[in-house]
$ cat coords36.txt   # compact mmCIF, N, CA and C atoms
# COMPACT_ATOMS: atom_id res chain seq x y z
N MET Q 278 27.19 -0.13 16.50
CA MET Q 278 26.41 0.83 15.71
C MET Q 278 24.92 0.68 16.05
N PRO Q 279 24.18 1.80 16.24
CA PRO Q 279 22.78 1.69 16.62
C PRO Q 279 21.90 1.17 15.48
N LYS Q 280 20.76 0.61 15.86
CA LYS Q 280 19.82 0.09 14.88
C LYS Q 280 19.08 1.24 14.22
N ASN Q 281 18.64 1.02 12.98
CA ASN Q 281 17.80 2.00 12.30
C ASN Q 281 16.36 1.84 12.76
N LYS Q 282 15.70 2.95 13.03
CA LYS Q 282 14.31 2.88 13.48
C LYS Q 282 13.39 3.30 12.34
N PRO Q 283 12.30 2.56 12.12
CA PRO Q 283 11.35 2.97 11.09
C PRO Q 283 10.59 4.22 11.52
N HIS Q 284 10.14 4.98 10.57
CA HIS Q 284 9.40 6.21 10.83
C HIS Q 284 7.99 5.83 11.29
N LYS Q 285 7.73 5.96 12.60
CA LYS Q 285 6.47 5.50 13.17
C LYS Q 285 5.26 6.28 12.65
N GLY Q 286 5.45 7.57 12.41
CA GLY Q 286 4.35 8.39 11.90
C GLY Q 286 3.89 7.90 10.54
N LEU Q 287 4.85 7.55 9.68
CA LEU Q 287 4.52 7.05 8.35
C LEU Q 287 3.90 5.66 8.44
N ALA Q 288 4.45 4.82 9.32
CA ALA Q 288 3.95 3.46 9.46
C ALA Q 288 2.47 3.44 9.86
N LYS Q 289 2.03 4.44 10.62
CA LYS Q 289 0.63 4.52 11.05
C LYS Q 289 -0.28 5.02 9.93
N ARG Q 290 0.28 5.69 8.95
CA ARG Q 290 -0.53 6.34 7.92
C ARG Q 290 -0.64 5.57 6.60
N ILE Q 291 0.14 4.50 6.46
CA ILE Q 291 0.08 3.74 5.21
C ILE Q 291 -0.17 2.27 5.49
N ARG Q 292 -0.70 1.57 4.48
CA ARG Q 292 -0.85 0.12 4.53
C ARG Q 292 -0.16 -0.43 3.30
N ILE Q 293 0.56 -1.54 3.45
CA ILE Q 293 1.27 -2.13 2.33
C ILE Q 293 0.55 -3.41 1.93
N SER Q 294 0.15 -3.49 0.66
CA SER Q 294 -0.57 -4.68 0.18
C SER Q 294 0.41 -5.81 -0.07
N LYS Q 295 -0.12 -7.02 -0.33
CA LYS Q 295 0.74 -8.17 -0.57
C LYS Q 295 1.57 -7.97 -1.83
N THR Q 296 1.04 -7.24 -2.79
CA THR Q 296 1.78 -7.03 -4.04
C THR Q 296 2.82 -5.94 -3.90
N GLY Q 297 2.88 -5.29 -2.72
CA GLY Q 297 3.89 -4.27 -2.48
C GLY Q 297 3.43 -2.86 -2.77
N LYS Q 298 2.17 -2.71 -3.17
CA LYS Q 298 1.64 -1.37 -3.41
C LYS Q 298 1.36 -0.70 -2.07
N VAL Q 299 1.47 0.61 -2.06
CA VAL Q 299 1.28 1.36 -0.81
C VAL Q 299 -0.03 2.12 -0.86
N ARG Q 300 -0.93 1.82 0.09
CA ARG Q 300 -2.21 2.52 0.19
C ARG Q 300 -2.08 3.64 1.21
N HIS Q 301 -2.67 4.78 0.90
CA HIS Q 301 -2.63 5.90 1.84
C HIS Q 301 -3.88 6.75 1.66
N ARG Q 302 -4.17 7.56 2.63
CA ARG Q 302 -5.33 8.46 2.56
C ARG Q 302 -4.87 9.78 1.95
N SER Q 303 -5.62 10.27 0.97
CA SER Q 303 -5.20 11.52 0.33
C SER Q 303 -5.44 12.70 1.28
N ALA Q 304 -4.56 13.67 1.21
CA ALA Q 304 -4.65 14.85 2.08
C ALA Q 304 -5.77 15.78 1.59
N TYR Q 305 -6.19 16.71 2.42
CA TYR Q 305 -7.18 17.74 2.10
C TYR Q 305 -8.58 17.18 1.86
N HIS Q 306 -8.90 16.00 2.41
CA HIS Q 306 -10.19 15.40 2.13
C HIS Q 306 -11.02 15.16 3.39
N LYS Q 307 -10.46 15.44 4.56
CA LYS Q 307 -11.15 15.12 5.81
C LYS Q 307 -12.32 16.05 6.12
N HIS Q 308 -12.06 17.35 6.14
CA HIS Q 308 -13.09 18.30 6.54
C HIS Q 308 -12.91 19.60 5.76
N LEU Q 309 -13.76 20.58 6.05
CA LEU Q 309 -13.78 21.87 5.34
C LEU Q 309 -13.94 21.67 3.83
N SER Q 310 -14.85 20.76 3.46
CA SER Q 310 -15.01 20.45 2.04
C SER Q 310 -16.07 21.32 1.37
N SER Q 311 -16.78 22.15 2.15
CA SER Q 311 -17.87 22.93 1.56
C SER Q 311 -17.37 23.99 0.59
N HIS Q 312 -16.17 24.53 0.82
CA HIS Q 312 -15.68 25.57 -0.10
C HIS Q 312 -14.83 24.99 -1.23
N LYS Q 313 -14.60 23.67 -1.22
CA LYS Q 313 -13.83 23.04 -2.30
C LYS Q 313 -14.79 22.66 -3.42
N SER Q 314 -14.33 22.77 -4.66
CA SER Q 314 -15.21 22.47 -5.79
C SER Q 314 -15.45 20.96 -5.89
N GLY Q 315 -16.55 20.60 -6.56
CA GLY Q 315 -16.88 19.19 -6.74
C GLY Q 315 -15.80 18.45 -7.50
N LYS Q 316 -15.22 19.12 -8.49
CA LYS Q 316 -14.17 18.51 -9.30
C LYS Q 316 -12.97 18.15 -8.42
N ARG Q 317 -12.61 19.08 -7.55
CA ARG Q 317 -11.46 18.87 -6.66
C ARG Q 317 -11.72 17.70 -5.70
N LEU Q 318 -12.94 17.62 -5.17
CA LEU Q 318 -13.28 16.55 -4.24
C LEU Q 318 -13.31 15.19 -4.94
N ARG Q 319 -13.81 15.16 -6.18
CA ARG Q 319 -13.81 13.91 -6.95
C ARG Q 319 -12.40 13.43 -7.20
N GLN Q 320 -11.51 14.36 -7.53
CA GLN Q 320 -10.12 13.98 -7.82
C GLN Q 320 -9.40 13.50 -6.56
N LEU Q 321 -9.79 14.02 -5.42
CA LEU Q 321 -9.19 13.57 -4.16
C LEU Q 321 -9.63 12.15 -3.81
N ARG Q 322 -10.81 11.75 -4.32
CA ARG Q 322 -11.31 10.40 -4.05
C ARG Q 322 -10.60 9.35 -4.89
N LYS Q 323 -9.93 9.78 -5.94
CA LYS Q 323 -9.44 8.87 -6.98
C LYS Q 323 -8.61 7.68 -6.52
N ASP Q 324 -7.34 7.87 -6.25
CA ASP Q 324 -6.44 6.74 -6.13
C ASP Q 324 -5.86 6.60 -4.74
N PRO Q 325 -6.17 5.50 -4.03
CA PRO Q 325 -5.61 5.31 -2.69
C PRO Q 325 -4.18 4.78 -2.71
N MET Q 326 -3.67 4.46 -3.92
CA MET Q 326 -2.31 3.91 -4.02
C MET Q 326 -1.29 5.02 -4.24
N ALA Q 327 -0.12 4.87 -3.65
CA ALA Q 327 0.97 5.83 -3.84
C ALA Q 327 1.71 5.49 -5.13
N ALA Q 328 2.25 6.49 -5.78
CA ALA Q 328 3.02 6.28 -7.00
C ALA Q 328 4.36 5.62 -6.65
N ASN Q 329 5.01 5.01 -7.65
CA ASN Q 329 6.27 4.30 -7.41
C ASN Q 329 7.38 5.18 -6.81
N PRO Q 330 7.59 6.40 -7.31
CA PRO Q 330 8.64 7.23 -6.69
C PRO Q 330 8.33 7.54 -5.23
N GLU Q 331 7.05 7.70 -4.94
CA GLU Q 331 6.60 7.95 -3.57
C GLU Q 331 6.90 6.72 -2.71
N ALA Q 332 6.60 5.53 -3.23
CA ALA Q 332 6.83 4.28 -2.50
C ALA Q 332 8.31 4.08 -2.24
N LYS Q 333 9.13 4.49 -3.18
CA LYS Q 333 10.58 4.37 -3.02
C LYS Q 333 11.05 5.22 -1.84
N ARG Q 334 10.46 6.41 -1.70
CA ARG Q 334 10.80 7.29 -0.58
C ARG Q 334 10.34 6.67 0.75
N PHE Q 335 9.17 6.01 0.71
CA PHE Q 335 8.66 5.36 1.92
C PHE Q 335 9.59 4.24 2.36
N GLU Q 336 10.18 3.52 1.40
CA GLU Q 336 11.13 2.45 1.73
C GLU Q 336 12.27 2.98 2.57
N LYS Q 337 12.76 4.14 2.20
CA LYS Q 337 13.89 4.72 2.92
C LYS Q 337 13.48 5.13 4.34
N LEU Q 338 12.24 5.65 4.48
CA LEU Q 338 11.77 6.06 5.80
C LEU Q 338 11.49 4.85 6.71
N LEU Q 339 11.04 3.75 6.11
CA LEU Q 339 10.70 2.57 6.90
C LEU Q 339 11.87 1.61 7.07
N PHE Q 340 12.98 1.87 6.37
CA PHE Q 340 14.18 1.02 6.41
C PHE Q 340 13.87 -0.43 6.06
N ARG Q 341 13.05 -0.63 5.03
CA ARG Q 341 12.80 -1.99 4.53
C ARG Q 341 12.32 -1.94 3.09
N ARG Q 342 12.56 -3.04 2.37
CA ARG Q 342 12.10 -3.13 1.00
C ARG Q 342 10.60 -3.42 1.01
N LEU Q 343 9.88 -2.81 0.09
CA LEU Q 343 8.47 -3.12 -0.06
C LEU Q 343 8.37 -4.27 -1.05
N ARG Q 344 7.97 -5.41 -0.56
CA ARG Q 344 7.99 -6.65 -1.32
C ARG Q 344 7.20 -6.54 -2.62
N GLY Q 345 7.81 -6.95 -3.70
CA GLY Q 345 7.10 -7.07 -4.97
C GLY Q 345 6.73 -5.77 -5.63
N ARG Q 346 7.34 -4.66 -5.23
CA ARG Q 346 6.95 -3.37 -5.80
C ARG Q 346 7.21 -3.32 -7.30
N THR Q 347 8.28 -3.99 -7.74
CA THR Q 347 8.61 -3.96 -9.16
C THR Q 347 8.42 -5.32 -9.83
N GLN Q 348 7.89 -6.31 -9.09
CA GLN Q 348 7.68 -7.64 -9.66
C GLN Q 348 6.42 -7.67 -10.50
N PRO Q 349 6.39 -8.52 -11.53
CA PRO Q 349 5.12 -8.72 -12.25
C PRO Q 349 4.16 -9.51 -11.36
N ARG Q 350 2.87 -9.35 -11.58
CA ARG Q 350 1.88 -10.02 -10.73
C ARG Q 350 2.00 -11.54 -10.81
N ALA Q 351 2.44 -12.06 -11.96
CA ALA Q 351 2.54 -13.51 -12.14
C ALA Q 351 3.60 -14.13 -11.22
N ALA Q 352 4.57 -13.34 -10.80
CA ALA Q 352 5.66 -13.86 -9.97
C ALA Q 352 5.25 -14.04 -8.51
N LEU Q 353 4.12 -13.46 -8.12
CA LEU Q 353 3.68 -13.54 -6.73
C LEU Q 353 2.93 -14.84 -6.47
N ARG Q 354 3.11 -15.40 -5.28
CA ARG Q 354 2.43 -16.64 -4.93
C ARG Q 354 0.99 -16.33 -4.52
N ARG Q 355 0.09 -17.23 -4.90
CA ARG Q 355 -1.32 -17.04 -4.62
C ARG Q 355 -1.77 -18.07 -3.58
N SER Q 356 -2.60 -17.67 -2.63
CA SER Q 356 -3.12 -18.60 -1.63
C SER Q 356 -4.13 -19.52 -2.31
N PRO Q 357 -4.11 -20.82 -1.98
CA PRO Q 357 -5.08 -21.73 -2.61
C PRO Q 357 -6.48 -21.50 -2.06
N ALA Q 358 -7.47 -21.73 -2.91
CA ALA Q 358 -8.87 -21.64 -2.49
C ALA Q 358 -9.16 -22.82 -1.57
N PRO Q 359 -10.20 -22.72 -0.71
CA PRO Q 359 -10.50 -23.83 0.21
C PRO Q 359 -10.68 -25.17 -0.49
N GLY Q 360 -11.30 -25.16 -1.66
CA GLY Q 360 -11.49 -26.40 -2.42
C GLY Q 360 -10.17 -27.00 -2.87
N GLU Q 361 -9.27 -26.15 -3.34
CA GLU Q 361 -7.95 -26.61 -3.78
C GLU Q 361 -7.14 -27.16 -2.60
N LYS Q 362 -7.30 -26.50 -1.45
CA LYS Q 362 -6.57 -26.91 -0.25
C LYS Q 362 -7.01 -28.32 0.17
N ALA Q 363 -8.33 -28.56 0.15
CA ALA Q 363 -8.87 -29.86 0.54
C ALA Q 363 -8.42 -30.94 -0.44
N ALA Q 364 -8.39 -30.60 -1.73
CA ALA Q 364 -7.99 -31.57 -2.76
C ALA Q 364 -6.53 -31.97 -2.58
N SER Q 365 -5.67 -31.01 -2.25
CA SER Q 365 -4.25 -31.32 -2.08
C SER Q 365 -4.00 -32.11 -0.78
N LYS Q 366 -4.85 -31.92 0.23
CA LYS Q 366 -4.70 -32.65 1.49
C LYS Q 366 -5.10 -34.11 1.31
N GLY Q 367 -6.12 -34.36 0.46
CA GLY Q 367 -6.65 -35.71 0.26
C GLY Q 367 -5.74 -36.60 -0.55
N GLU Q 368 -4.68 -36.05 -1.14
CA GLU Q 368 -3.78 -36.84 -1.99
C GLU Q 368 -3.05 -37.90 -1.22
$ encode --input "coords36.txt" --output "structure tokens"
Amino acid sequence: MPKNKPHKGLAKRIRISKTGKVRHRSAYHKHLSSHKSGKRLRQLRKDPMAANPEAKRFEKLLFRRLRGRTQPRAALRRSPAPGEKAASKGE
């Protein structure tokens, strides 16, 4: 059976954060903004994160789970600060 291929076009257009949130650029914001109202342009600037149903669709296109999408923030591991790292090495 052939392997599943991720959607390369989507992979180039989104970034996945460590917490599993999906960042993307909102459409209709690149150019031709002179005839768009200020309110519309402000709203396009708002949220770079995709909504959960949207992220679920992206999972299917990329053929992989987006890590931690439904996990609480407390469940995620945090990288130690340089001071903490040095203290644990000196033990």
$ residues_around --input "coords36.txt" --residues "range 334-343 of chain Q" --least-positions-apart "2" --cutoff "8 Å" --atoms "all atoms listed in the file" --output "list in words"
Asn281, Lys282, Pro283, His284, Lys285, Leu287, Ala288, Ile293, Lys295, Thr296, Gly297, Lys298, Ala328, Asn329, Pro330, Glu331, Ala332, Gly345, Arg346 and Thr347 of chain Q
$ atom_distance --input "coords36.txt" --atom1 "atom C of Arg300 in chain Q" --atom2 "atom C of Pro325 in chain Q"
4.6 Å
$ select_by_dssp --input "coords36.txt" --residues "chain Q" --states "strand (DSSP E)" --output "PyMOL selection string"
chain Q and resi 291-293+299-301
$ axis_aligned_box --input "coords36.txt" --around "range 317-336 of chain Q" --padding-each-side "3 Å" --output "lines of an AutoDock Vina configuration file"
center_x = -0.8
center_y = 10.8
center_z = -2.6
size_x = 32.1
size_y = 22.6
size_z = 16.4
$ atom_distance --input "coords36.txt" --atom1 "atom C of Tyr305 in chain Q" --atom2 "CA of Arg292 in chain Q"
18.9 Å
$ select_by_dssp --input "coords36.txt" --residues "chain Q" --states "alpha helix (DSSP H)" --output "VMD selection string"
chain Q and resid 285 to 290 315 to 322 329 to 339 359 to 366
$ atom_distance --input "coords36.txt" --atom1 "CA of Arg302 in chain Q" --atom2 "CA of Lys323 in chain Q"
10.4 Å
$ closest_residue --input "coords36.txt" --among "Q:His312, Q:Arg290, Q:His301, Q:Lys366" --to "Asp324 in chain Q" --atoms "only N, CA and C atoms"
Q:His301
$ residues_near_point --input "coords36.txt" --point "(-11.5, 14.2, -0.9)" --cutoff "9 Å" --atoms "only C-alpha atoms" --output "VMD selection string"
chain Q and resid 303 to 308 310 317 to 323
$ write_last_selection --input "coords36.txt" --atoms "N, CA and C atoms" --output "PDB file, in the frame of the given file"
ATOM      1  N   SER Q 303      -5.620  10.270   0.970  1.00  0.00           N
ATOM      2  CA  SER Q 303      -5.200  11.520   0.330  1.00  0.00           C
ATOM      3  C   SER Q 303      -5.440  12.700   1.280  1.00  0.00           C
ATOM      4  N   ALA Q 304      -4.560  13.670   1.210  1.00  0.00           N
ATOM      5  CA  ALA Q 304      -4.650  14.850   2.080  1.00  0.00           C
ATOM      6  C   ALA Q 304      -5.770  15.780   1.590  1.00  0.00           C
ATOM      7  N   TYR Q 305      -6.190  16.710   2.420  1.00  0.00           N
ATOM      8  CA  TYR Q 305      -7.180  17.740   2.100  1.00  0.00           C
ATOM      9  C   TYR Q 305      -8.580  17.180   1.860  1.00  0.00           C
ATOM     10  N   HIS Q 306      -8.900  16.000   2.410  1.00  0.00           N
ATOM     11  CA  HIS Q 306     -10.190  15.400   2.130  1.00  0.00           C
ATOM     12  C   HIS Q 306     -11.020  15.160   3.390  1.00  0.00           C
ATOM     13  N   LYS Q 307     -10.460  15.440   4.560  1.00  0.00           N
ATOM     14  CA  LYS Q 307     -11.150  15.120   5.810  1.00  0.00           C
ATOM     15  C   LYS Q 307     -12.320  16.050   6.120  1.00  0.00           C
ATOM     16  N   HIS Q 308     -12.060  17.350   6.140  1.00  0.00           N
ATOM     17  CA  HIS Q 308     -13.090  18.300   6.540  1.00  0.00           C
ATOM     18  C   HIS Q 308     -12.910  19.600   5.760  1.00  0.00           C
ATOM     19  N   SER Q 310     -14.850  20.760   3.460  1.00  0.00           N
ATOM     20  CA  SER Q 310     -15.010  20.450   2.040  1.00  0.00           C
ATOM     21  C   SER Q 310     -16.070  21.320   1.370  1.00  0.00           C
ATOM     22  N   ARG Q 317     -12.610  19.080  -7.550  1.00  0.00           N
ATOM     23  CA  ARG Q 317     -11.460  18.870  -6.660  1.00  0.00           C
ATOM     24  C   ARG Q 317     -11.720  17.700  -5.700  1.00  0.00           C
ATOM     25  N   LEU Q 318     -12.940  17.620  -5.170  1.00  0.00           N
ATOM     26  CA  LEU Q 318     -13.280  16.550  -4.240  1.00  0.00           C
ATOM     27  C   LEU Q 318     -13.310  15.190  -4.940  1.00  0.00           C
ATOM     28  N   ARG Q 319     -13.810  15.160  -6.180  1.00  0.00           N
ATOM     29  CA  ARG Q 319     -13.810  13.910  -6.950  1.00  0.00           C
ATOM     30  C   ARG Q 319     -12.400  13.430  -7.200  1.00  0.00           C
ATOM     31  N   GLN Q 320     -11.510  14.360  -7.530  1.00  0.00           N
ATOM     32  CA  GLN Q 320     -10.120  13.980  -7.820  1.00  0.00           C
ATOM     33  C   GLN Q 320      -9.400  13.500  -6.560  1.00  0.00           C
ATOM     34  N   LEU Q 321      -9.790  14.020  -5.420  1.00  0.00           N
ATOM     35  CA  LEU Q 321      -9.190  13.570  -4.160  1.00  0.00           C
ATOM     36  C   LEU Q 321      -9.630  12.150  -3.810  1.00  0.00           C
ATOM     37  N   ARG Q 322     -10.810  11.750  -4.320  1.00  0.00           N
ATOM     38  CA  ARG Q 322     -11.310  10.400  -4.050  1.00  0.00           C
ATOM     39  C   ARG Q 322     -10.600   9.350  -4.890  1.00  0.00           C
ATOM     40  N   LYS Q 323      -9.930   9.780  -5.940  1.00  0.00           N
ATOM     41  CA  LYS Q 323      -9.440   8.870  -6.980  1.00  0.00           C
ATOM     42  C   LYS Q 323      -8.610   7.680  -6.520  1.00  0.00           C
TER      43      LYS Q 323
END
